[in-house]
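S.K.: Quick one: this structure, given as structure tokens, is what I'll be asking you about.
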Amino acid sequence: MSNRDFVKLTSEPLILQDIVDLVKDDGAGAISTFNGTTRNIFEEKSVIRLEYEAYVPMAEKVLLDIISEARTKWDLTKTAIFHRTGIVPVGETSVIVAVSSVHRKESIHAVEFLINHLKEKAPIWKKEVYSDGSVWKENAENRRKC
Amino acid sequence: MSNRDFVKLTSEPLILQDIVDLVKDDGAGAISTFNGTTRNIFEEKSVIRLEYEAYVPMAEKVLLDIISEARTKWDLTKTAIFHRTGIVPVGETSVIVAVSSVHRKESIHAVEFLINHLKEKAPIWKKEVYSDGSVWKENAENRRKC
Amino acid sequence: MSKEFTILYYATARDATKMSSEKIPLPSQSPFMSLKDLTMLLKERHKKLAPILEYSLYAINMEYVENDQAILVKEGDEVAVIPPVSGG
Amino acid sequence: MSKEFTILYYATARDATKMSSEKIPLPSQSPFMSLKDLTMLLKERHKKLAPILEYSLYAINMEYVENDQAILVKEGDEVAVIPPVSGG
């Protein structure tokens, strides 16, 4: 991994400040972040917890590929994408994207691009566990079989 | 101030996690943030520090107005805009915008809207102090005299 | 005692006037003042403020007002000279 | 010893096969296998996997491959069945 792009799938809780510190840079005036959190309700069913499974080495590779693509579109200083694996209780963060840039527009747009493409392409799967069972989810952005 | 929109001009350092905690909500799966930081270089001059001056009560009113306008555009759960006043050393945060929403698109777009409109309308002024003097800045987004 | 309003100066306007606020009496013959008359009065009081007013806005009681608005400054108003902003 | 490749199952594919990976021998007459033949072979091995393969993708050595690509599975490859993803 480069010293400007940080990608990690981890079973540890995600700490926003730690990830922001990774992308912090005295030359970069803007840091934008996206923080995805387990919701307590999905389609009126009570979610007890989420379980994330990932094809870890490929997920990290896909995320680095997405970052490379973002870097062709915007001038970005540093980037970080952290995604949790395993059990994530309600109210805890499952994903954090953080991007620094000289000007604000770049980091804001890159964060949106990165989380959208993560949802579309990263080999990561979410199982929602309800009080009455569980189900593997599917993102709306999902790539279809060709 | 409502218990869902938090606006503050303060001479205290801004702590990202504290502001994210304000907008956190079990029903909101997405939290987006923008963090503006003093850069160390501006047009090849070395910036020693920034000094922010604000017409505090009007600035807080303008920020709440901007939030109201954002709420007509997107379904937002909670919002927070904190801006520092007084001396801000290089590398420290001058502004944080944080927005929570059920889906990610709303919070990302609202953060961009809020920071853009803050820069255009909030009666806040930045003085950059260099090793060889100081100058009041002007945002490119600034409202022109009619 | 004459009727007054308050005027606030920020950033370059404060540097130019060397004050952050002052109370200004309204003319005794009229308790209202147009923005045009206000600008003339301020330019007389503070020579260095003149160029700054060219590219500043006014806010009355914390609301931006446009120069072409038929709005009048009245007793007790808080008027602010708002030079180009640079927050963020 | 026959030439093998590895196949990985995730999410619904893992539930259906009740395994996270297995090694599969390549046919002795040919050291390469098309994606079409791979799909047929997997459907035979795991009946419950058939409907899942209809809407899954393959990745070979951590790269997504399209069904119509003239790509062949070879000895030592790591092939993954990628059901619709749901990260984030």
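All residue names refer to the structure tokens as shown: chains lettered A, B, ... in order, residues numbered from 1 in each chain, ligands numbered from 1 in order.
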Using only C-alpha atoms and a cut-off of 12 Å, which residues of chain B sit close to chain D? Please list them as a list in words.
M.R.: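 Within 12 Å of chain D on chain B, we get Gly29, Ala30, His103 and Arg104 of chain B.
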S.K.: Put those residues in a file: C-alpha atoms, as a PDB file, in the first residue's frame.
M.R.:
ATOM      1  CA  GLY B  29     -27.391   5.077   8.331  1.00  0.00           C
ATOM      2  CA  ALA B  30     -25.241   7.815   6.813  1.00  0.00           C
ATOM      3  CA  HIS B 103     -29.546   7.279   2.845  1.00  0.00           C
ATOM      4  CA  ARG B 104     -26.054   8.404   1.911  1.00  0.00           C
TER       5      ARG B 104
END
S.K.: Go through chain D and collect every residue that DSSP, computed from the backbone, puts in helix (DSSP H, G or I); the answer should be as a ChimeraX atom specification.
M.R.: /D:11-17,35-45,47-54
S.K.: Residues of chain A near chain B: apply a cut-off of 9 Å, count only C-alpha atoms, and supply the list as a ChimeraX atom specification.
M.R.: /A:15-17,24-41,90-91,93,102,104-105,107-109,111-112,115
S.K.: Mind giving me the straight-line distance from atom CA of B:Ile87 to atom CA of B:Lys8 in Å, one decimal?
M.R.: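 For atom CA of B:Ile87 relative to atom CA of B:Lys8, the distance reads 16.2 Å.
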S.K.: So how many Å separate atom CA of B:Lys119 and atom CA of B:Asp21, to one decimal?
M.R.: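 Pair atom CA of B:Lys119 / atom CA of B:Asp21 returns 24.0 Å.
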S.K.: Write out as a ChimeraX atom specification the residues lying within 9 Å of stretch 13-25 of chain C, counting only C-alpha atoms and excluding same-chain residues fewer than 4 positions away.
M.R.: /C:2-9,45-49,52-53,56,75,80-83
S.K.: Just to confirm, what's the straight-line distance from atom CA of B:Leu118 to atom CA of B:Ile48 in Å (one decimal)?
M.R.: 24.1 Å
S.K.: Show which residues sit within 12 Å of D:Met33, as a short mmCIF file (atom, residue, chain, number, x, y, z; two decimals) with C-alpha atoms, in the first residue's frame. Count only C-alpha atoms, and ignore same-chain residues fewer than 4 positions away.
M.R.:
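File produced: out.cif:
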data_model
loop_
_atom_site.label_atom_id
_atom_site.label_comp_id
_atom_site.auth_asym_id
_atom_site.auth_seq_id
_atom_site.Cartn_x
_atom_site.Cartn_y
_atom_site.Cartn_z
CA LYS D 3 -4.03 -30.38 -11.87
CA GLU D 4 -6.34 -28.38 -9.64
CA PHE D 5 -7.79 -24.93 -9.16
CA ILE D 24 -11.43 -28.92 -8.03
CA PRO D 25 -9.36 -31.06 -10.45
CA LEU D 26 -9.16 -30.00 -14.08
CA PRO D 27 -10.17 -32.65 -16.62
CA SER D 28 -7.13 -34.80 -17.41
CA GLN D 29 -7.59 -34.37 -21.17
CA ASP D 37 -17.99 -25.54 -18.44
CA LEU D 38 -17.16 -24.31 -14.94
CA THR D 39 -20.76 -23.26 -14.41
CA MET D 40 -22.01 -26.66 -15.58
CA LEU D 41 -19.56 -28.44 -13.31
CA ALA D 70 -12.48 -15.80 -23.81
CA ILE D 71 -10.86 -16.54 -20.47
CA LEU D 72 -10.05 -20.04 -19.26
CA VAL D 73 -9.56 -21.38 -15.76
CA LYS D 74 -6.12 -22.94 -15.44
CA GLU D 75 -4.11 -24.86 -12.86
CA ASP D 77 -6.17 -20.31 -10.31
CA VAL D 79 -11.79 -18.62 -8.74
#
